[in-house]
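Okay, coords36.txt now, which holds compact mmCIF, C-alpha atoms:
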# COMPACT_ATOMS: atom_id res chain seq x y z
CA ARG A 1 0.00 0.00 0.00
CA ASN A 2 2.82 2.36 0.86
CA LYS A 3 4.53 1.64 -2.46
CA LEU A 4 1.30 2.47 -4.28
CA LEU A 5 1.08 5.81 -2.47
CA GLU A 6 4.68 6.61 -3.29
CA GLN A 7 4.05 5.93 -6.96
CA LYS A 8 1.22 8.45 -6.86
CA GLY A 9 3.66 11.05 -5.60
CA ILE A 10 2.62 11.25 -1.95
CA LYS A 11 5.76 11.47 0.18
CA ALA A 12 5.92 9.50 3.40
CA PRO A 13 6.39 11.52 6.63
CA THR A 14 10.04 11.59 7.58
CA ALA A 15 11.57 10.81 10.92
CA TYR A 16 12.12 13.64 13.40
CA LYS A 17 15.86 14.12 13.23
CA THR A 18 18.18 16.11 15.38
CA GLY A 19 20.57 17.82 12.94
CA THR A 20 22.86 18.56 15.76
CA THR A 21 26.06 19.72 17.24
CA ILE A 22 27.17 17.67 20.23
CA CYS A 23 30.60 17.53 21.76
CA GLY A 24 32.51 16.46 24.80
CA VAL A 25 35.86 17.23 26.35
CA ILE A 26 37.90 15.79 29.22
CA TYR A 27 39.31 18.41 31.55
CA LYS A 28 41.27 18.26 34.78
CA ASP A 29 38.58 16.96 37.14
CA GLY A 30 36.15 15.24 34.80
CA VAL A 31 34.12 15.49 31.62
CA ILE A 32 32.09 18.31 30.08
CA LEU A 33 29.38 17.44 27.55
CA GLY A 34 27.73 20.10 25.40
CA ALA A 35 24.83 20.10 22.99
CA ASP A 36 22.61 22.50 21.05
CA THR A 37 18.82 22.35 21.44
CA ARG A 38 17.24 22.31 17.99
CA ALA A 39 15.32 19.32 16.58
CA THR A 40 14.44 19.41 12.86
CA GLU A 41 12.03 17.61 10.53
CA ASP A 42 13.74 18.06 7.17
CA THR A 43 13.72 21.86 6.87
CA ILE A 44 11.33 22.76 9.70
CA VAL A 45 12.40 23.27 13.27
CA ALA A 46 10.32 20.75 15.18
CA ASP A 47 11.49 21.66 18.68
CA LYS A 48 13.30 24.85 19.62
CA ASN A 49 14.39 23.63 23.01
CA CYS A 50 14.82 19.89 23.17
CA SER A 51 17.23 18.27 25.57
CA LYS A 52 19.88 16.16 23.90
CA ILE A 53 21.93 15.24 26.94
CA HIS A 54 20.42 12.02 28.24
CA TYR A 55 20.83 10.36 31.60
CA ILE A 56 22.48 6.94 31.56
CA SER A 57 23.42 6.68 35.21
CA SER A 58 24.22 9.06 38.01
CA ASN A 59 27.83 9.42 36.88
CA ILE A 60 27.39 8.83 33.14
CA TYR A 61 25.57 11.05 30.64
CA CYS A 62 25.18 10.70 26.89
CA CYS A 63 24.53 13.26 24.13
CA GLY A 64 22.61 11.97 21.11
CA ALA A 65 22.60 12.96 17.44
CA GLY A 66 20.63 11.35 14.61
CA THR A 67 16.99 10.34 14.74
CA ALA A 68 15.56 11.73 17.98
CA ALA A 69 13.47 8.64 18.79
CA ASP A 70 16.41 6.32 18.19
CA THR A 71 18.74 8.21 20.51
CA GLU A 72 16.04 8.54 23.18
CA MET A 73 15.05 4.88 23.16
CA THR A 74 18.63 3.62 22.88
CA THR A 75 19.83 5.67 25.83
CA GLN A 76 16.83 4.63 27.91
CA MET A 77 17.38 0.96 27.11
CA ILE A 78 21.09 1.13 27.94
CA SER A 79 20.30 3.07 31.10
CA SER A 80 17.93 0.29 32.22
CA GLN A 81 20.44 -2.43 31.39
CA LEU A 82 23.18 -0.58 33.22
CA GLU A 83 20.98 -0.13 36.27
CA LEU A 84 20.23 -3.88 36.34
CA HIS A 85 23.93 -4.56 36.01
CA ARG A 86 24.69 -2.14 38.84
CA LEU A 87 22.18 -3.85 41.11
CA ASN A 88 23.74 -7.18 40.24
CA THR A 89 27.36 -6.17 40.85
CA GLY A 90 26.80 -3.62 43.61
CA ARG A 91 29.35 -1.22 42.13
CA ILE A 92 29.15 2.19 40.51
CA PRO A 93 28.89 1.51 36.75
CA ARG A 94 31.87 2.16 34.55
CA VAL A 95 31.79 4.18 31.36
CA CYS A 96 33.42 1.34 29.43
CA THR A 97 30.51 -0.92 30.41
CA ALA A 98 28.02 1.55 29.00
CA ASN A 99 30.19 1.84 25.90
CA ARG A 100 30.24 -1.92 25.35
CA LEU A 101 26.49 -2.21 25.88
CA LEU A 102 25.86 0.54 23.34
CA LYS A 103 28.31 -0.95 20.86
CA GLN A 104 26.77 -4.41 20.97
CA PHE A 105 23.25 -2.99 20.85
CA LEU A 106 23.89 -0.81 17.79
CA PHE A 107 25.87 -3.45 15.90
CA ARG A 108 22.97 -5.85 16.23
CA TYR A 109 20.83 -3.50 14.13
CA HIS A 110 23.54 -2.81 11.53
CA GLY A 111 23.13 0.95 11.43
CA TYR A 112 19.34 0.99 10.98
CA ILE A 113 19.08 2.57 14.43
CA SER A 114 20.56 5.92 13.54
CA ALA A 115 21.99 7.04 16.84
CA ALA A 116 25.37 8.80 16.95
CA LEU A 117 26.27 9.34 20.59
CA VAL A 118 28.86 11.06 22.72
CA LEU A 119 29.17 9.11 25.95
CA GLY A 120 31.00 10.63 28.89
CA GLY A 121 31.31 10.02 32.59
CA VAL A 122 33.52 9.67 35.62
CA ASP A 123 33.96 6.35 37.37
CA SER A 124 36.42 4.76 39.76
CA THR A 125 39.13 4.72 37.09
CA GLY A 126 38.79 8.39 36.17
CA PRO A 127 37.03 10.45 33.51
CA HIS A 128 36.30 8.79 30.15
CA LEU A 129 34.84 10.02 26.87
CA TYR A 130 33.65 7.86 23.98
CA SER A 131 32.00 8.57 20.66
CA VAL A 132 29.67 5.86 19.34
CA TYR A 133 28.68 5.68 15.68
CA PRO A 134 25.37 4.24 14.40
CA HIS A 135 26.95 1.06 13.06
CA GLY A 136 28.54 0.23 16.36
CA SER A 137 32.12 1.49 16.17
CA THR A 138 33.46 3.55 19.04
CA ASP A 139 36.40 5.85 19.63
CA LYS A 140 37.94 6.74 22.95
CA LEU A 141 39.36 10.25 22.75
CA PRO A 142 40.03 13.32 24.92
CA TYR A 143 37.66 15.46 22.83
CA VAL A 144 34.92 14.42 20.40
CA THR A 145 32.20 16.05 18.33
CA MET A 146 29.24 14.47 16.49
CA GLY A 147 26.30 15.57 14.42
CA SER A 148 25.87 17.82 11.40
CA GLY A 149 27.73 20.65 13.14
CA SER A 150 30.60 18.42 14.18
CA LEU A 151 33.07 19.92 11.74
CA ALA A 152 32.46 23.46 12.99
CA ALA A 153 32.77 22.34 16.60
CA MET A 154 35.85 20.21 15.92
CA SER A 155 37.62 23.18 14.36
CA VAL A 156 37.14 25.12 17.60
CA PHE A 157 38.39 22.17 19.63
CA GLU A 158 41.44 21.59 17.47
CA ASP A 159 42.39 25.22 17.94
CA GLY A 160 41.71 25.62 21.64
CA TYR A 161 42.15 22.23 23.34
CA LYS A 162 44.90 21.79 25.90
CA PRO A 163 45.29 18.74 28.14
CA ASP A 164 44.29 19.28 31.82
CA MET A 165 42.27 22.46 31.39
CA GLU A 166 40.59 24.27 34.25
CA LYS A 167 36.82 24.06 34.60
CA GLU A 168 36.09 27.61 33.44
CA ASP A 169 38.34 27.30 30.40
CA ALA A 170 36.83 23.95 29.45
CA MET A 171 33.27 25.28 29.82
CA ARG A 172 34.13 28.26 27.66
CA LEU A 173 35.73 26.01 25.04
CA VAL A 174 32.69 23.74 24.84
CA ARG A 175 30.37 26.72 24.70
CA ASN A 176 32.37 28.21 21.83
CA ALA A 177 32.40 24.89 19.97
CA ILE A 178 28.62 24.50 20.22
CA ALA A 179 28.13 28.16 19.30
CA ALA A 180 30.25 27.57 16.18
CA GLY A 181 27.94 24.72 15.28
CA ILE A 182 24.81 26.77 16.05
CA PHE A 183 25.78 29.78 13.95
CA ASN A 184 27.39 27.97 11.03
CA ASP A 185 25.24 24.86 10.63
CA LEU A 186 21.60 25.07 9.62
CA GLY A 187 20.65 21.91 11.42
CA SER A 188 21.74 23.21 14.84
CA GLY A 189 20.41 26.18 16.73
CA SER A 190 18.83 27.78 19.77
CA ASN A 191 20.58 27.40 23.09
CA VAL A 192 23.67 25.69 24.44
CA ASP A 193 23.22 22.99 27.08
CA LEU A 194 26.12 21.91 29.21
CA CYS A 195 26.67 18.98 31.54
CA VAL A 196 29.70 19.00 33.84
CA ILE A 197 30.47 15.58 35.36
CA THR A 198 32.99 15.26 38.15
CA LYS A 199 33.75 12.52 40.59
CA ASP A 200 31.29 13.70 43.23
CA LYS A 201 28.60 15.60 41.39
CA VAL A 202 26.97 16.41 38.08
CA GLU A 203 25.97 19.92 37.03
CA TYR A 204 23.30 19.87 34.37
CA LEU A 205 23.19 23.45 33.06
CA ARG A 206 20.18 23.87 30.85
CA PRO A 207 20.28 26.41 29.28
CA PHE A 208 23.85 27.39 29.74
CA ASP A 209 23.79 30.11 27.16
CA GLU A 210 20.79 31.46 25.29
CA ALA A 211 22.47 32.37 22.04
CA ASN A 212 19.26 32.99 20.11
CA LEU A 213 16.71 35.02 21.97
CA LYS A 214 13.44 35.78 20.25
CA GLY A 215 13.23 39.48 19.31
CA GLN A 216 11.33 41.76 21.69
CA ARG A 217 8.30 43.54 20.27
CA GLN A 218 8.89 47.30 20.29
CA GLY A 219 5.33 48.41 20.99
CA SER A 220 1.77 47.24 21.30
CA TYR A 221 0.04 46.82 17.96
CA ARG A 222 -3.46 46.27 19.27
CA TYR A 223 -6.18 48.68 18.20
CA LYS A 224 -7.70 50.82 20.93
CA LYS A 225 -11.29 50.15 21.94
CA GLY A 226 -13.58 52.46 19.99
CA THR A 227 -11.51 52.51 16.78
CA THR A 228 -14.36 50.80 14.95
CA ALA A 229 -17.59 52.70 15.37
CA VAL A 230 -20.60 50.72 16.67
CA LEU A 231 -23.69 51.25 14.49
CA LYS A 232 -26.34 49.08 16.16
CA LYS A 233 -26.57 46.92 19.29
CA GLU A 234 -29.04 44.03 19.75
CA VAL A 235 -29.10 41.69 22.79
CA LYS A 236 -30.90 38.34 22.42
CA LYS A 237 -31.30 35.67 25.05
CA ILE A 238 -30.58 32.06 23.89
CA PRO A 239 -32.62 29.48 25.84
CA ILE A 240 -30.51 26.47 26.89
CA GLU A 241 -32.09 23.27 28.13
CA VAL A 242 -30.07 20.65 30.00
CA VAL A 243 -30.04 17.43 27.94
CA LYS A 244 -27.48 15.33 29.79
CA THR A 245 -25.47 15.55 33.02
CA GLN A 246 -22.23 13.60 33.28
CA VAL A 247 -20.48 12.90 36.56
CA ARG A 248 -16.74 12.81 36.08
CA SER A 249 -14.53 11.52 38.88
CA GLU A 250 -10.90 12.61 39.23
CA GLN A 251 -9.43 9.11 39.02
CA ALA A 252 -9.76 6.96 35.91
CA MET A 253 -11.38 3.55 36.18
CA ASP A 254 -9.02 0.88 37.41
CA THR A 255 -9.37 -1.98 34.94
CA ALA A 256 -6.25 -3.94 35.92
CA MET B 1 -10.86 -17.48 5.65
CA GLN B 2 -11.15 -15.83 9.02
CA TYR B 3 -8.37 -13.34 8.27
CA GLY B 4 -8.95 -12.74 4.59
CA LEU B 5 -7.50 -14.44 1.53
CA HIS B 6 -4.05 -15.79 2.09
CA SER B 7 -1.24 -14.14 0.10
CA SER B 8 1.86 -16.24 -0.07
CA ARG B 9 4.10 -13.25 -0.72
CA GLU B 10 3.84 -11.95 2.81
CA SER B 11 5.15 -15.18 4.29
CA THR B 12 8.18 -15.53 2.00
CA SER B 13 9.61 -12.09 1.18
CA ALA B 14 11.07 -9.98 3.97
CA VAL B 15 9.63 -6.56 4.69
CA HIS B 16 12.86 -5.26 6.19
CA PRO B 17 16.44 -6.34 5.50
CA LEU B 18 16.96 -7.09 9.17
CA GLU B 19 13.76 -9.11 9.61
CA HIS B 20 15.40 -12.49 9.05
CA SER B 21 18.36 -11.62 11.22
CA GLU B 22 16.18 -10.47 14.11
CA LYS B 23 13.77 -13.39 13.95
CA HIS B 24 16.57 -15.92 14.35
CA TRP B 25 18.76 -13.79 16.58
CA ASN B 26 18.49 -15.95 19.70
CA GLU B 27 18.94 -19.22 17.85
CA ASN B 28 21.98 -17.93 15.98
CA LYS B 29 23.53 -16.64 19.16
CA CYS B 30 23.00 -19.99 20.84
CA GLN B 31 24.51 -21.84 17.87
CA MET B 32 27.62 -19.66 17.98
CA ASP B 33 27.99 -20.06 21.72
CA PHE B 34 27.52 -23.84 21.58
CA ALA B 35 30.05 -24.16 18.76
CA MET B 36 32.58 -22.21 20.80
CA LEU B 37 31.88 -24.25 23.95
CA ARG B 38 32.22 -27.48 22.02
CA LYS B 39 35.66 -26.48 20.83
CA MET B 40 36.74 -25.25 24.25
CA GLU B 41 35.24 -27.76 26.67
CA GLY B 42 34.26 -30.73 24.57
CA ILE B 43 30.99 -32.12 23.27
CA HIS B 44 29.57 -32.68 26.76
CA MET B 45 29.14 -28.98 27.51
CA PRO B 46 26.65 -28.01 24.79
CA LEU B 47 24.87 -31.33 25.25
CA ARG B 48 24.31 -30.69 28.95
CA LEU B 49 23.15 -27.14 28.33
CA GLN B 50 20.74 -28.23 25.62
CA MET B 51 19.41 -30.97 27.88
CA GLU B 52 18.66 -28.38 30.57
CA ASN B 53 17.03 -26.18 27.96
CA ASN B 54 14.77 -29.04 26.82
CA ILE B 55 13.72 -29.75 30.38
CA SER B 56 12.81 -26.09 30.91
CA GLN B 57 10.75 -26.10 27.71
CA LYS B 58 8.63 -29.00 28.95
CA MET B 59 7.41 -27.03 31.95
CA CYS B 60 4.44 -25.09 30.73
CA ARG B 61 1.03 -23.89 31.72
CA LEU B 62 -2.37 -24.81 30.34
CA PRO B 63 -2.85 -24.01 26.65
CA GLY B 64 -3.65 -20.42 25.85
CA MET B 65 -1.40 -19.11 28.63
CA VAL B 66 2.18 -18.06 28.07
CA SER B 67 4.82 -19.61 30.27
CA SER B 68 6.89 -17.22 32.36
CA ASN B 69 10.05 -19.15 31.45
CA VAL B 70 11.65 -18.68 34.88
CA MET B 71 13.90 -21.73 34.53
CA ARG B 72 15.01 -20.90 31.03
CA ASP B 73 15.66 -17.25 31.93
CA THR B 74 17.77 -18.21 34.92
CA LEU B 75 19.78 -20.75 32.91
CA THR B 76 20.50 -18.42 30.02
CA GLY B 77 21.02 -15.29 32.13
CA ARG B 78 18.03 -13.58 30.55
CA ASP B 79 16.69 -12.57 33.96
CA GLU B 80 19.54 -10.08 34.37
CA MET B 81 18.91 -8.36 31.07
CA ILE B 82 16.27 -5.96 29.78
CA ASP B 83 15.69 -5.89 26.06
CA PHE B 84 13.03 -4.70 23.64
CA GLU B 85 11.20 -8.03 24.00
CA ASP B 86 10.36 -7.11 27.59
CA VAL B 87 9.01 -3.72 26.60
CA LEU B 88 7.46 -4.14 23.17
CA ASN B 89 5.13 -6.95 22.12
CA ASN B 90 5.25 -8.64 25.51
CA PRO B 91 3.33 -11.94 25.12
CA PHE B 92 1.82 -11.40 28.58
CA GLU B 93 -0.06 -8.39 27.28
CA ALA B 94 -1.35 -9.97 24.07
CA GLU B 95 -4.89 -8.98 23.21
CA GLU B 96 -5.97 -12.22 21.56
CA VAL B 97 -6.12 -15.66 23.11
CA GLY B 98 -6.13 -18.79 20.98
CA ASN B 99 -9.16 -21.07 20.89
CA ILE B 100 -8.50 -22.85 24.18
CA HIS B 101 -10.70 -25.87 23.47
CA MET B 102 -8.89 -26.56 20.20
CA LEU B 103 -5.52 -26.10 21.83
CA MET B 104 -6.38 -28.45 24.67
CA GLU B 105 -7.64 -31.12 22.28
CA LYS B 106 -4.48 -30.77 20.24
CA ARG B 107 -2.31 -31.18 23.30
CA GLN B 108 -4.22 -34.28 24.42
CA GLY B 109 -3.99 -35.70 20.93
CA LEU B 110 -7.72 -35.92 20.40
CA LEU B 111 -7.73 -33.65 17.36
Can I see the file as C-alpha cells?
Amino acid sequence: RNKLLEQKGIKAPTAYKTGTTICGVIYKDGVILGADTRATEDTIVADKNCSKIHYISSNIYCCGAGTAADTEMTTQMISSQLELHRLNTGRIPRVCTANRLLKQFLFRYHGYISAALVLGGVDSTGPHLYSVYPHGSTDKLPYVTMGSGSLAAMSVFEDGYKPDMEKEDAMRLVRNAIAAGIFNDLGSGSNVDLCVITKDKVEYLRPFDEANLKGQRQGSYRYKKGTTAVLKKEVKKIPIEVVKTQVRSEQAMDTA
Amino acid sequence: MQYGLHSSRESTSAVHPLEHSEKHWNENKCQMDFAMLRKMEGIHMPLRLQMENNISQKMCRLPGMVSSNVMRDTLTGRDEMIDFEDVLNNPFEAEEVGNIHMLMEKRQGLL
C-alpha cells in the first residue's frame, strides 16, 4: 500500500531528526558534555528547546545525534540495562561498560538505528569520553564532536584544546564549539546545554547560554477600543435546556 | 478465511532487511555459543546445556497461557537483562487468546 502511495507522488512523513552539534571534552577533574537544542524535521524546526543530553546513570551522561526517537530509546534501554547490572554487581557503573552495551546494541541492528552518541562520565578509574557511531564502532578520545555541526565544533576544539584544562576554560571552550555549530550549521540552533560531570557531582546546566533570543516587540500593535464605530446593538437571550449531566470523577477507572 | 484471503508473498519475502536476522537472533547466538563451547570444553558442555534447555521447555502452563520461562531465563542469564522483547510486544499483554478448546484437544492428541 505504501509503495502504491509513493508511486502516486505522496511522500511519506520523515523521521524527526536532530541535525545537531554535540561535543565532549575531558578536563582536569572530569568530563564536560555540550549540545545545542534544535530538533528538525527536514527543513522545519520541530522543537526549539529539546534536551539532547540524556541520563544513563548518576555518573554517566550521553549526548545523542541522529533520529531523535532512536537516541532517546537507545539511551533509555542502555540506562535500564546498566541499572540492572549495577544492582547485580553492587558497584558504581563504569563508562566502558556503558560503551560496550551501546556498541553491541547498535551493531545488532547494523546501522538501521541511527543514533550517533557522545558518551561521557567519571567512574572509579577516572574520567572517560567515547564517541559511538550508528553502526557500532566507538572511539575513545580526549575530545569528540558528532552531528551535522561536528566539523564546525571540531575546528574550535582543534584550535583551543589543551590537556588538563581548568573548569572555566573547558566550559568556555565547549560553549564556543557549540556556538560555532549553532551559527554555522543550519541543522543546529537555539541554546547551548552543558553537563559537567565530576567525581562527586553532576551539574546539568540547561540552558547554559541562550544564544538565540526571540526578538522583543517594540510596541503594542493592538487597536484601541472604539476605533471601529458601533452602528447598532441588539441583545438576544438564547434558551438552553439541560439534555445530559455527566459525573466525572478525578481518578480513571481501574481496569487492571 | 477468518483473516482474509491468504497471500503467499507476505510469508516468504522480507519486509525489512533485518527481519530475518532479528527473527533468528536468539537461535543464531546460541549456535555460535555452543560451537565455541564445544571447541573449548568438549561435546559434553553443549549437550548438557541443551538438555537443561529441553527440560525447561517441557514445563508449561495450560494451553492459551504463556509460560513465564523462569527456569530458562535463569539458565541463560536472561533474567539479568532488559531488552526490547520485555518492553514491546510482551506476550503477557497480548490482546488475543487462541481457541483454548482446540488447543487443549491438540495437546491431548484428540484432534
Problem set entry | Counting only C-alpha atoms, the residue of B:Glu93, B:Met51, B:Met32, B:Asp73 that sits nearest chain A |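 Among the listed residues, B:Glu93 lies closest to chain A.
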Problem set entry | Residues of chain A within 10 Å of chain B, all atoms listed in the file counted, as an MDAnalysis selection string | chainID A and resid 73 77:85 87:88 105 108:110 112
Exercise. Between CA of Asp169 in chain A and CA of Val25 in chain A, what is the distance, to one decimal in Å?
Worked result: 11.1 Å
For this session: Tell me which protein, DNA and RNA residues are within 9 Å of range 92-96 of chain A, counting all atoms listed in the file, leaving out same-chain ones fewer than 3 positions away, and put them as a list in words.
Result: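 Residues near the query, excluding close chain neighbours: Ser57, Ser58, Asn59, Ile60, Leu82, Glu83, His85, Arg86, Thr89, Asn99, Arg100, Leu101, Leu119, Gly120, Gly121, Val122, Asp123, Ser124, Thr125, Pro127, His128, Leu129 and Tyr130 of chain A.
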Problem set entry | Separation of CA of Tyr27 in chain A from CA of Lys162 in chain A in Å |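 Distance reported for this atom pair: 8.6 Å.
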For this session: Might you pull out every residue within 6 Å of Pro134 in chain A, with all atoms listed in the file counted and same-chain residues fewer than 3 positions away left off, and present them as a VMD selection string?
Result: chain A and resid 111 114 to 116
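We find CA of Glu166 in chain A and CA of Tyr55 in chain A to be spaced 24.3 Å apart.
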Exercise. So which one's closest to Thr21 in chain A, A:Gln216, A:Ser188, A:Thr245, A:Thr198? Using only C-alpha atoms, please.
Worked result: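 Ranked by minimum distance to Thr21 in chain A, first place goes to A:Ser188.
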For this session: Compile the contact shell of Leu213 in chain A as a ChimeraX atom specification: residues with an atom at most 12 Å away, counting all atoms listed in the file, same-chain residues fewer than 6 positions apart removed.
Result: /A:48-49,189-192,207
Could you write out that same residue set with C-alpha atoms as a PDB file, in the frame of the given file?
ATOM      1  CA  LYS A  48      13.300  24.850  19.620  1.00  0.00           C
ATOM      2  CA  ASN A  49      14.390  23.630  23.010  1.00  0.00           C
ATOM      3  CA  GLY A 189      20.410  26.180  16.730  1.00  0.00           C
ATOM      4  CA  SER A 190      18.830  27.780  19.770  1.00  0.00           C
ATOM      5  CA  ASN A 191      20.580  27.400  23.090  1.00  0.00           C
ATOM      6  CA  VAL A 192      23.670  25.690  24.440  1.00  0.00           C
ATOM      7  CA  PRO A 207      20.280  26.410  29.280  1.00  0.00           C
TER       8      PRO A 207
END
Would you mind putting N, CA, C and O atoms back on range 73-89 of chain B and writing the result as a PDB file, keeping the file's coordinate frame?
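Final output, part.pdb:
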ATOM      1  N   ASP B  73      15.037 -18.570  31.740  1.00  0.00           N
ATOM      2  CA  ASP B  73      15.660 -17.250  31.930  1.00  0.00           C
ATOM      3  C   ASP B  73      16.831 -17.342  32.893  1.00  0.00           C
ATOM      4  O   ASP B  73      17.877 -16.731  32.685  1.00  0.00           O
ATOM      5  N   THR B  74      16.670 -18.108  33.956  1.00  0.00           N
ATOM      6  CA  THR B  74      17.770 -18.210  34.920  1.00  0.00           C
ATOM      7  C   THR B  74      18.954 -18.933  34.296  1.00  0.00           C
ATOM      8  O   THR B  74      20.101 -18.551  34.503  1.00  0.00           O
ATOM      9  N   LEU B  75      18.680 -19.987  33.501  1.00  0.00           N
ATOM     10  CA  LEU B  75      19.780 -20.750  32.910  1.00  0.00           C
ATOM     11  C   LEU B  75      20.549 -19.920  31.883  1.00  0.00           C
ATOM     12  O   LEU B  75      21.776 -19.970  31.818  1.00  0.00           O
ATOM     13  N   THR B  76      19.813 -19.158  31.071  1.00  0.00           N
ATOM     14  CA  THR B  76      20.500 -18.420  30.020  1.00  0.00           C
ATOM     15  C   THR B  76      20.986 -17.059  30.473  1.00  0.00           C
ATOM     16  O   THR B  76      21.701 -16.382  29.756  1.00  0.00           O
ATOM     17  N   GLY B  77      20.611 -16.620  31.673  1.00  0.00           N
ATOM     18  CA  GLY B  77      21.020 -15.290  32.130  1.00  0.00           C
ATOM     19  C   GLY B  77      20.117 -14.198  31.629  1.00  0.00           C
ATOM     20  O   GLY B  77      20.444 -13.021  31.715  1.00  0.00           O
ATOM     21  N   ARG B  78      18.957 -14.562  31.107  1.00  0.00           N
ATOM     22  CA  ARG B  78      18.030 -13.580  30.550  1.00  0.00           C
ATOM     23  C   ARG B  78      17.335 -12.777  31.644  1.00  0.00           C
ATOM     24  O   ARG B  78      16.788 -11.717  31.375  1.00  0.00           O
ATOM     25  N   ASP B  79      17.380 -13.299  32.905  1.00  0.00           N
ATOM     26  CA  ASP B  79      16.690 -12.570  33.960  1.00  0.00           C
ATOM     27  C   ASP B  79      17.480 -11.352  34.419  1.00  0.00           C
ATOM     28  O   ASP B  79      16.965 -10.513  35.147  1.00  0.00           O
ATOM     29  N   GLU B  80      18.751 -11.247  33.991  1.00  0.00           N
ATOM     30  CA  GLU B  80      19.540 -10.080  34.370  1.00  0.00           C
ATOM     31  C   GLU B  80      19.660  -9.085  33.244  1.00  0.00           C
ATOM     32  O   GLU B  80      20.530  -8.213  33.270  1.00  0.00           O
ATOM     33  N   MET B  81      18.796  -9.214  32.247  1.00  0.00           N
ATOM     34  CA  MET B  81      18.910  -8.360  31.070  1.00  0.00           C
ATOM     35  C   MET B  81      17.555  -7.809  30.707  1.00  0.00           C
ATOM     36  O   MET B  81      16.553  -8.504  30.814  1.00  0.00           O
ATOM     37  N   ILE B  82      17.511  -6.531  30.312  1.00  0.00           N
ATOM     38  CA  ILE B  82      16.270  -5.960  29.780  1.00  0.00           C
ATOM     39  C   ILE B  82      16.488  -5.696  28.308  1.00  0.00           C
ATOM     40  O   ILE B  82      17.489  -5.102  27.928  1.00  0.00           O
ATOM     41  N   ASP B  83      15.548  -6.134  27.483  1.00  0.00           N
ATOM     42  CA  ASP B  83      15.690  -5.890  26.060  1.00  0.00           C
ATOM     43  C   ASP B  83      14.338  -5.439  25.515  1.00  0.00           C
ATOM     44  O   ASP B  83      13.354  -5.369  26.256  1.00  0.00           O
ATOM     45  N   PHE B  84      14.285  -5.180  24.221  1.00  0.00           N
ATOM     46  CA  PHE B  84      13.030  -4.700  23.640  1.00  0.00           C
ATOM     47  C   PHE B  84      11.912  -5.732  23.766  1.00  0.00           C
ATOM     48  O   PHE B  84      10.740  -5.376  23.747  1.00  0.00           O
ATOM     49  N   GLU B  85      12.269  -7.026  23.881  1.00  0.00           N
ATOM     50  CA  GLU B  85      11.200  -8.030  24.000  1.00  0.00           C
ATOM     51  C   GLU B  85      10.426  -7.899  25.293  1.00  0.00           C
ATOM     52  O   GLU B  85       9.301  -8.351  25.399  1.00  0.00           O
ATOM     53  N   ASP B  86      11.064  -7.286  26.324  1.00  0.00           N
ATOM     54  CA  ASP B  86      10.360  -7.110  27.590  1.00  0.00           C
ATOM     55  C   ASP B  86       9.458  -5.896  27.555  1.00  0.00           C
ATOM     56  O   ASP B  86       8.545  -5.763  28.356  1.00  0.00           O
ATOM     57  N   VAL B  87       9.764  -4.961  26.628  1.00  0.00           N
ATOM     58  CA  VAL B  87       9.010  -3.720  26.600  1.00  0.00           C
ATOM     59  C   VAL B  87       7.947  -3.759  25.513  1.00  0.00           C
ATOM     60  O   VAL B  87       6.786  -3.453  25.748  1.00  0.00           O
ATOM     61  N   LEU B  88       8.366  -4.165  24.304  1.00  0.00           N
ATOM     62  CA  LEU B  88       7.460  -4.140  23.170  1.00  0.00           C
ATOM     63  C   LEU B  88       6.959  -5.538  22.879  1.00  0.00           C
ATOM     64  O   LEU B  88       7.718  -6.493  22.936  1.00  0.00           O
ATOM     65  N   ASN B  89       5.679  -5.665  22.534  1.00  0.00           N
ATOM     66  CA  ASN B  89       5.130  -6.950  22.120  1.00  0.00           C
ATOM     67  C   ASN B  89       5.339  -8.041  23.165  1.00  0.00           C
ATOM     68  O   ASN B  89       5.672  -9.168  22.847  1.00  0.00           O
TER      69      ASN B  89
END
